[in-house]
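Please read the structure below before turning to the comments.
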Amino acid sequence: MRFLVIVKASPASEAAGFQPSAEELTEMTKFNERLFAEGRIELAEGLTSSADGSRVLFEGDAEPKVIDGPFAETKELIAGFWVLKGESLEEIVELMKQVPNLGPGEGVLEIRPIDE
Amino acid sequence: MRFMVIVKSNEDSEAGQGPSAELLEQMGKFNEELVKAGVLLAGEGLTPSSEGARVVFSGAEEPRVVDGPFTESKELVGGFWILQCRDREECIEWIKRMPNPGGEAGEVEIRRVAEAADFENMTPEVEAMEGKLRAQSAGQA
């Protein structure tokens with residue numbers, strides 16, 4: 001099975017000028033090295049803040065409407081993601097509990113099976 | 001530049017109702033166009049959130065696991081593409097042409113994928129490790 005693991009944004013990650021520290025980058029890269037060594041990683045990327053993004057809204061036959069970021073509902077935004085291979089949801093949940101330092105305060109990961 | 005294009009869920013996708021034959025056919029053609037233009041890097045659909053879980057971290061506490069389904073269906077991810085485009089505008093133009101035969105209301109979010117240069121605190125060591133992982137990963141594909 002393959003899974004999309006979504007790292008949810010936080011007020012900190014969406015704040016203008018946010019940058020992960022050198023230590024955080026090192027910890028995350030070490031974690032990725034481990035996932036890679038286990039043959040799990042298909043994709044692993046971070047996204048820039050929603051200020052660099054846009055939304056395209058479809059409705060009926062109307063020309064789609066474009067709205068530029070930033071977007072306000074921080075907790076629903078995506079800050080980064082992995083596509084990982086695993087045997088079960090439970091296995092990926094256990095693995096993801098070990099993700100290093102998602103920053104101060106509350107951090108949320110969402111794990112969703114990919115439709116094959 | 002690379003972009004993550006996020007197609008949001010709706011009540012049908014959350015109910016496990018697959019796309020119509022018409023949408024599948026048009027989406028297949030659209031994906032073919034993206035491939036021919038050298039734009040498509042990856043693309044996947046997700047199963048309903050009832051099959052997913054969230055891991056919630058709070059300070060030093062043991063992470064909490066919350067099983068799906070999740071209720072805010074309009075903010076959930078239904079599927080995504082990773083596209084290689086010149087800039088955001090080119091990506092928007094592609095997405096405006098996305099097939100929507102049912103004329104359903106829907107939202108697609110376009111977000112730029114961060115590159116090494118976006119990280120001000122990138123160290124030479126991390127960049128080297130990252131580069132090695134990406135090279136090995138490309139070798140595996």
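Here, A, B, ... name the chains of the structure tokens in the order displayed, residue numbers run from 1 inside each chain, and ligands are numbered from 1 in the same displayed order.
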For chain A, list the residues within 6 Å of chain B, counting only C-alpha atoms, and write the list as a PDB file with N, CA and C atoms, in the first residue's frame.
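Final output, selection17.pdb:
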ATOM      1  N   SER A  21      14.716  25.897  11.434  1.00  0.00           N
ATOM      2  CA  SER A  21      16.102  26.103  11.865  1.00  0.00           C
ATOM      3  C   SER A  21      17.004  25.030  11.240  1.00  0.00           C
ATOM      4  N   ALA A  22      18.319  25.270  11.293  1.00  0.00           N
ATOM      5  CA  ALA A  22      19.286  24.297  10.763  1.00  0.00           C
ATOM      6  C   ALA A  22      19.123  22.960  11.490  1.00  0.00           C
ATOM      7  N   THR A  26      18.134  19.387   9.857  1.00  0.00           N
ATOM      8  CA  THR A  26      19.022  18.232  10.026  1.00  0.00           C
ATOM      9  C   THR A  26      18.238  17.026  10.554  1.00  0.00           C
ATOM     10  N   GLY A  46       8.426  19.771   0.925  1.00  0.00           N
ATOM     11  CA  GLY A  46       7.810  20.838   1.710  1.00  0.00           C
ATOM     12  C   GLY A  46       7.178  21.833   0.749  1.00  0.00           C
ATOM     13  N   LEU A  47       6.163  22.537   1.215  1.00  0.00           N
ATOM     14  CA  LEU A  47       5.542  23.576   0.380  1.00  0.00           C
ATOM     15  C   LEU A  47       5.908  24.948   0.943  1.00  0.00           C
ATOM     16  N   THR A  48       5.934  25.940   0.069  1.00  0.00           N
ATOM     17  CA  THR A  48       6.128  27.308   0.550  1.00  0.00           C
ATOM     18  C   THR A  48       4.792  27.779   1.139  1.00  0.00           C
ATOM     19  N   GLY A  53       0.554  30.696  -3.191  1.00  0.00           N
ATOM     20  CA  GLY A  53      -0.380  29.781  -3.833  1.00  0.00           C
ATOM     21  C   GLY A  53      -1.624  30.465  -4.369  1.00  0.00           C
ATOM     22  N   SER A  54      -2.465  29.671  -5.018  1.00  0.00           N
ATOM     23  CA  SER A  54      -3.741  30.156  -5.571  1.00  0.00           C
ATOM     24  C   SER A  54      -4.774  29.062  -5.442  1.00  0.00           C
ATOM     25  N   ARG A  55      -6.033  29.451  -5.526  1.00  0.00           N
ATOM     26  CA  ARG A  55      -7.114  28.477  -5.621  1.00  0.00           C
ATOM     27  C   ARG A  55      -7.894  28.718  -6.893  1.00  0.00           C
ATOM     28  N   VAL A  56      -8.326  27.622  -7.516  1.00  0.00           N
ATOM     29  CA  VAL A  56      -9.161  27.710  -8.710  1.00  0.00           C
ATOM     30  C   VAL A  56     -10.507  27.106  -8.327  1.00  0.00           C
ATOM     31  N   LEU A  57     -11.557  27.920  -8.470  1.00  0.00           N
ATOM     32  CA  LEU A  57     -12.898  27.498  -8.064  1.00  0.00           C
ATOM     33  C   LEU A  57     -13.749  27.207  -9.297  1.00  0.00           C
ATOM     34  N   PHE A  58     -14.314  26.002  -9.314  1.00  0.00           N
ATOM     35  CA  PHE A  58     -15.165  25.575 -10.419  1.00  0.00           C
ATOM     36  C   PHE A  58     -16.612  25.632  -9.982  1.00  0.00           C
ATOM     37  N   GLU A  59     -17.479  26.094 -10.864  1.00  0.00           N
ATOM     38  CA  GLU A  59     -18.909  26.001 -10.581  1.00  0.00           C
ATOM     39  C   GLU A  59     -19.681  26.023 -11.897  1.00  0.00           C
ATOM     40  N   GLY A  60     -20.370  24.914 -12.176  1.00  0.00           N
ATOM     41  CA  GLY A  60     -21.161  24.815 -13.400  1.00  0.00           C
ATOM     42  C   GLY A  60     -20.308  25.057 -14.628  1.00  0.00           C
ATOM     43  N   ASP A  61     -20.863  25.769 -15.613  1.00  0.00           N
ATOM     44  CA  ASP A  61     -20.143  26.019 -16.853  1.00  0.00           C
ATOM     45  C   ASP A  61     -19.386  27.342 -16.808  1.00  0.00           C
ATOM     46  N   GLY A 105       4.213  23.989  19.985  1.00  0.00           N
ATOM     47  CA  GLY A 105       2.757  23.877  20.016  1.00  0.00           C
ATOM     48  C   GLY A 105       2.284  22.603  19.386  1.00  0.00           C
ATOM     49  N   GLU A 106       1.057  22.623  18.890  1.00  0.00           N
ATOM     50  CA  GLU A 106       0.451  21.409  18.375  1.00  0.00           C
ATOM     51  C   GLU A 106       0.805  21.197  16.897  1.00  0.00           C
ATOM     52  N   GLY A 107       1.115  19.963  16.551  1.00  0.00           N
ATOM     53  CA  GLY A 107       1.388  19.620  15.162  1.00  0.00           C
ATOM     54  C   GLY A 107       0.482  18.473  14.760  1.00  0.00           C
ATOM     55  N   VAL A 108       0.010  18.475  13.532  1.00  0.00           N
ATOM     56  CA  VAL A 108      -0.899  17.419  13.099  1.00  0.00           C
ATOM     57  C   VAL A 108      -0.421  16.836  11.771  1.00  0.00           C
ATOM     58  N   LEU A 109      -0.410  15.508  11.725  1.00  0.00           N
ATOM     59  CA  LEU A 109      -0.146  14.789  10.481  1.00  0.00           C
ATOM     60  C   LEU A 109      -1.412  14.052  10.099  1.00  0.00           C
ATOM     61  N   GLU A 110      -1.743  14.048   8.826  1.00  0.00           N
ATOM     62  CA  GLU A 110      -2.893  13.262   8.363  1.00  0.00           C
ATOM     63  C   GLU A 110      -2.386  12.200   7.406  1.00  0.00           C
ATOM     64  N   ILE A 111      -2.790  10.973   7.634  1.00  0.00           N
ATOM     65  CA  ILE A 111      -2.307   9.837   6.848  1.00  0.00           C
ATOM     66  C   ILE A 111      -3.470   9.282   6.046  1.00  0.00           C
ATOM     67  N   ARG A 112      -3.326   9.259   4.718  1.00  0.00           N
ATOM     68  CA  ARG A 112      -4.447   8.849   3.875  1.00  0.00           C
ATOM     69  C   ARG A 112      -3.983   7.815   2.841  1.00  0.00           C
ATOM     70  N   PRO A 113      -4.638   6.664   2.782  1.00  0.00           N
ATOM     71  CA  PRO A 113      -4.270   5.662   1.772  1.00  0.00           C
ATOM     72  C   PRO A 113      -4.500   6.190   0.350  1.00  0.00           C
ATOM     73  N   ILE A 114      -3.589   5.828  -0.542  1.00  0.00           N
ATOM     74  CA  ILE A 114      -3.721   6.173  -1.958  1.00  0.00           C
ATOM     75  C   ILE A 114      -4.560   5.095  -2.638  1.00  0.00           C
ATOM     76  N   ASP A 115      -5.448   5.534  -3.504  1.00  0.00           N
ATOM     77  CA  ASP A 115      -6.348   4.639  -4.228  1.00  0.00           C
ATOM     78  C   ASP A 115      -5.553   3.956  -5.339  1.00  0.00           C
TER      79      ASP A 115
END
Task: chain B: residues DSSP assigns to helix (DSSP H, G or I), reported as JSON, numbers by chain - done: {"B": [11, 12, 13, 14, 21, 22, 23, 24, 25, 26, 27, 28, 29, 30, 31, 32, 33, 34, 35, 36, 49, 50, 51, 73, 74, 75, 88, 89, 90, 91, 92, 93, 94, 95, 96, 116, 117, 118, 124, 125, 126, 127, 128, 129, 130, 131, 132, 133, 134, 135, 136, 137, 138, 139, 140]}
TODO: Can you work out the spacing between atom CA of A:Val7 and atom CA of A:Asp68 in Å, to one decimal?
DONE: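 Atom CA of A:Asp68 lies at a distance of 21.5 Å from atom CA of A:Val7.
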Open item on the list: Using DSSP secondary structure from the backbone, list all strand (DSSP E or B) positions within chain A, as a ChimeraX atom specification.
Closed with: /A:2-8,41-47,54-58,65-68,78-85,106-114
Could you write out that same residue set with N, CA and C atoms as a CSV table (one decimal), in the first residue's frame?
chain,number,residue,atom,x,y,z
A,2,ARG,N,0.3,2.3,-0.5
A,2,ARG,CA,1.0,3.6,-0.5
A,2,ARG,C,0.1,4.6,0.3
A,3,PHE,N,0.7,5.6,0.9
A,3,PHE,CA,0.0,6.5,1.8
A,3,PHE,C,0.5,7.9,1.5
A,4,LEU,N,-0.4,8.9,1.5
A,4,LEU,CA,-0.1,10.3,1.5
A,4,LEU,C,-0.1,10.7,2.9
A,5,VAL,N,1.1,11.2,3.4
A,5,VAL,CA,1.2,11.8,4.8
A,5,VAL,C,1.3,13.3,4.6
A,6,ILE,N,0.2,13.9,5.2
A,6,ILE,CA,0.1,15.4,5.0
A,6,ILE,C,0.6,16.1,6.3
A,7,VAL,N,1.5,17.0,6.2
A,7,VAL,CA,1.9,17.8,7.4
A,7,VAL,C,1.1,19.0,7.3
A,8,LYS,N,0.2,19.2,8.4
A,8,LYS,CA,-0.7,20.4,8.4
A,8,LYS,C,0.1,21.6,8.8
A,41,ILE,N,10.2,5.7,0.9
A,41,ILE,CA,9.9,7.1,0.4
A,41,ILE,C,9.7,7.0,-1.1
A,42,GLU,N,8.6,7.5,-1.6
A,42,GLU,CA,8.4,7.8,-3.0
A,42,GLU,C,8.5,9.3,-3.3
A,43,LEU,N,8.0,10.1,-2.4
A,43,LEU,CA,8.1,11.5,-2.5
A,43,LEU,C,8.2,12.1,-1.1
A,44,ALA,N,8.9,13.2,-1.0
A,44,ALA,CA,9.0,13.9,0.3
A,44,ALA,C,9.3,15.4,-0.1
A,45,GLU,N,8.3,16.2,0.2
A,45,GLU,CA,8.5,17.6,-0.2
A,45,GLU,C,7.9,18.6,0.8
A,46,GLY,N,8.4,19.8,0.9
A,46,GLY,CA,7.8,20.8,1.7
A,46,GLY,C,7.2,21.8,0.7
A,47,LEU,N,6.2,22.5,1.2
A,47,LEU,CA,5.5,23.6,0.4
A,47,LEU,C,5.9,24.9,0.9
A,54,SER,N,-2.5,29.7,-5.0
A,54,SER,CA,-3.7,30.2,-5.6
A,54,SER,C,-4.8,29.1,-5.4
A,55,ARG,N,-6.0,29.5,-5.5
A,55,ARG,CA,-7.1,28.5,-5.6
A,55,ARG,C,-7.9,28.7,-6.9
A,56,VAL,N,-8.3,27.6,-7.5
A,56,VAL,CA,-9.2,27.7,-8.7
A,56,VAL,C,-10.5,27.1,-8.3
A,57,LEU,N,-11.6,27.9,-8.5
A,57,LEU,CA,-12.9,27.5,-8.1
A,57,LEU,C,-13.7,27.2,-9.3
A,58,PHE,N,-14.3,26.0,-9.3
A,58,PHE,CA,-15.2,25.6,-10.4
A,58,PHE,C,-16.6,25.6,-10.0
A,65,LYS,N,-13.0,30.6,-11.3
A,65,LYS,CA,-12.5,31.8,-10.7
A,65,LYS,C,-11.2,31.5,-10.0
A,66,VAL,N,-10.3,32.5,-10.0
A,66,VAL,CA,-8.9,32.3,-9.4
A,66,VAL,C,-8.8,33.2,-8.2
A,67,ILE,N,-8.4,32.7,-7.0
A,67,ILE,CA,-8.2,33.5,-5.8
A,67,ILE,C,-6.8,33.2,-5.4
A,68,ASP,N,-6.0,34.3,-5.2
A,68,ASP,CA,-4.6,34.2,-4.8
A,68,ASP,C,-4.5,34.1,-3.3
A,78,ILE,N,-1.8,22.8,4.0
A,78,ILE,CA,-0.7,21.8,3.9
A,78,ILE,C,0.6,22.5,3.9
A,79,ALA,N,1.5,22.0,4.8
A,79,ALA,CA,2.9,22.6,4.8
A,79,ALA,C,3.9,21.7,4.1
A,80,GLY,N,3.6,20.4,4.0
A,80,GLY,CA,4.5,19.5,3.4
A,80,GLY,C,3.8,18.1,3.3
A,81,PHE,N,4.5,17.2,2.7
A,81,PHE,CA,3.9,15.8,2.5
A,81,PHE,C,5.0,14.8,2.2
A,82,TRP,N,4.6,13.5,2.5
A,82,TRP,CA,5.4,12.4,2.0
A,82,TRP,C,4.4,11.5,1.2
A,83,VAL,N,4.9,10.7,0.3
A,83,VAL,CA,4.2,9.5,-0.2
A,83,VAL,C,5.1,8.4,0.2
A,84,LEU,N,4.5,7.5,1.0
A,84,LEU,CA,5.3,6.4,1.6
A,84,LEU,C,4.7,5.1,1.3
A,85,LYS,N,5.5,4.1,1.3
A,85,LYS,CA,5.0,2.7,1.1
A,85,LYS,C,5.0,2.0,2.5
A,106,GLU,N,1.1,22.6,18.9
A,106,GLU,CA,0.5,21.4,18.4
A,106,GLU,C,0.8,21.2,16.9
A,107,GLY,N,1.1,20.0,16.6
A,107,GLY,CA,1.4,19.6,15.2
A,107,GLY,C,0.5,18.5,14.8
A,108,VAL,N,0.0,18.5,13.5
A,108,VAL,CA,-0.9,17.4,13.1
A,108,VAL,C,-0.4,16.8,11.8
A,109,LEU,N,-0.4,15.5,11.7
A,109,LEU,CA,-0.1,14.8,10.5
A,109,LEU,C,-1.4,14.1,10.1
A,110,GLU,N,-1.7,14.0,8.8
A,110,GLU,CA,-2.9,13.3,8.4
A,110,GLU,C,-2.4,12.2,7.4
A,111,ILE,N,-2.8,11.0,7.6
A,111,ILE,CA,-2.3,9.8,6.8
A,111,ILE,C,-3.5,9.3,6.0
A,112,ARG,N,-3.3,9.3,4.7
A,112,ARG,CA,-4.4,8.8,3.9
A,112,ARG,C,-4.0,7.8,2.8
A,113,PRO,N,-4.6,6.7,2.8
A,113,PRO,CA,-4.3,5.7,1.8
A,113,PRO,C,-4.5,6.2,0.4
A,114,ILE,N,-3.6,5.8,-0.5
A,114,ILE,CA,-3.7,6.2,-2.0
A,114,ILE,C,-4.6,5.1,-2.6
TODO: Could you tell me how far atom CA of B:Met27 lies from atom CA of B:Ser73, in Å and to one decimal?
DONE: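 Atom CA of B:Ser73 lies 21.8 Å from atom CA of B:Met27.
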Task: Selection: 12 Å around A:Arg34, only C-alpha atoms, excl. self and same-chain fewer than 3 positions, as a ChimeraX atom specification - done: /A:27-31,37-41,95,98-99 /B:129,133
Filtering to N, CA and C atoms, could you give me those residues as a PDB file, in the first residue's frame?
ATOM      1  N   GLU A  27      17.408  17.261  11.599  1.00  0.00           N
ATOM      2  CA  GLU A  27      16.624  16.172  12.182  1.00  0.00           C
ATOM      3  C   GLU A  27      15.699  15.537  11.145  1.00  0.00           C
ATOM      4  N   MET A  28      15.038  16.396  10.357  1.00  0.00           N
ATOM      5  CA  MET A  28      14.085  15.882   9.368  1.00  0.00           C
ATOM      6  C   MET A  28      14.812  15.096   8.275  1.00  0.00           C
ATOM      7  N   THR A  29      15.968  15.594   7.870  1.00  0.00           N
ATOM      8  CA  THR A  29      16.714  14.899   6.819  1.00  0.00           C
ATOM      9  C   THR A  29      17.203  13.547   7.330  1.00  0.00           C
ATOM     10  N   LYS A  30      17.594  13.495   8.612  1.00  0.00           N
ATOM     11  CA  LYS A  30      18.007  12.201   9.197  1.00  0.00           C
ATOM     12  C   LYS A  30      16.834  11.216   9.216  1.00  0.00           C
ATOM     13  N   PHE A  31      15.657  11.736   9.572  1.00  0.00           N
ATOM     14  CA  PHE A  31      14.456  10.887   9.588  1.00  0.00           C
ATOM     15  C   PHE A  31      14.178  10.378   8.163  1.00  0.00           C
ATOM     16  N   ALA A  37      16.229   4.445   3.696  1.00  0.00           N
ATOM     17  CA  ALA A  37      16.974   3.190   3.867  1.00  0.00           C
ATOM     18  C   ALA A  37      16.017   2.007   3.993  1.00  0.00           C
ATOM     19  N   GLU A  38      14.822   2.267   4.558  1.00  0.00           N
ATOM     20  CA  GLU A  38      13.810   1.211   4.684  1.00  0.00           C
ATOM     21  C   GLU A  38      13.022   1.033   3.390  1.00  0.00           C
ATOM     22  N   GLY A  39      13.357   1.827   2.362  1.00  0.00           N
ATOM     23  CA  GLY A  39      12.697   1.694   1.056  1.00  0.00           C
ATOM     24  C   GLY A  39      11.270   2.222   1.037  1.00  0.00           C
ATOM     25  N   ARG A  40      10.983   3.194   1.900  1.00  0.00           N
ATOM     26  CA  ARG A  40       9.595   3.651   2.020  1.00  0.00           C
ATOM     27  C   ARG A  40       9.247   4.888   1.210  1.00  0.00           C
ATOM     28  N   ILE A  41      10.245   5.724   0.915  1.00  0.00           N
ATOM     29  CA  ILE A  41       9.927   7.055   0.365  1.00  0.00           C
ATOM     30  C   ILE A  41       9.727   7.029  -1.147  1.00  0.00           C
ATOM     31  N   LEU A  95       5.088   4.659  12.649  1.00  0.00           N
ATOM     32  CA  LEU A  95       6.300   5.283  12.097  1.00  0.00           C
ATOM     33  C   LEU A  95       6.229   6.806  12.248  1.00  0.00           C
ATOM     34  N   GLN A  98       7.051   8.991  15.272  1.00  0.00           N
ATOM     35  CA  GLN A  98       8.462   9.273  15.547  1.00  0.00           C
ATOM     36  C   GLN A  98       9.006  10.452  14.748  1.00  0.00           C
ATOM     37  N   VAL A  99       8.138  11.137  14.007  1.00  0.00           N
ATOM     38  CA  VAL A  99       8.590  12.309  13.238  1.00  0.00           C
ATOM     39  C   VAL A  99       9.222  13.314  14.196  1.00  0.00           C
TER      40      VAL A  99
ATOM     41  N   MET B 129      23.164  15.684   2.062  1.00  0.00           N
ATOM     42  CA  MET B 129      22.361  14.494   2.407  1.00  0.00           C
ATOM     43  C   MET B 129      21.119  14.416   1.518  1.00  0.00           C
ATOM     44  N   LEU B 133      20.009  11.587  -1.250  1.00  0.00           N
ATOM     45  CA  LEU B 133      18.730  10.856  -1.179  1.00  0.00           C
ATOM     46  C   LEU B 133      17.973  10.988  -2.489  1.00  0.00           C
TER      47      LEU B 133
END
- [ ] Identify, on the basis of only C-alpha atoms, every residue whose closest approach to A:Met1 does not exceed 7 Å; exclude the query and any residue fewer than 3 positions from it along the same chain; express the result as a list of chain:residue names.
- [x]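 Close residues of A:Met1: A:Lys85, A:Gly86, A:Glu87, A:Ser88.
When atom CA of B:Pro99 is paired with atom CA of B:Gln17, their separation reads 17.7 Å.
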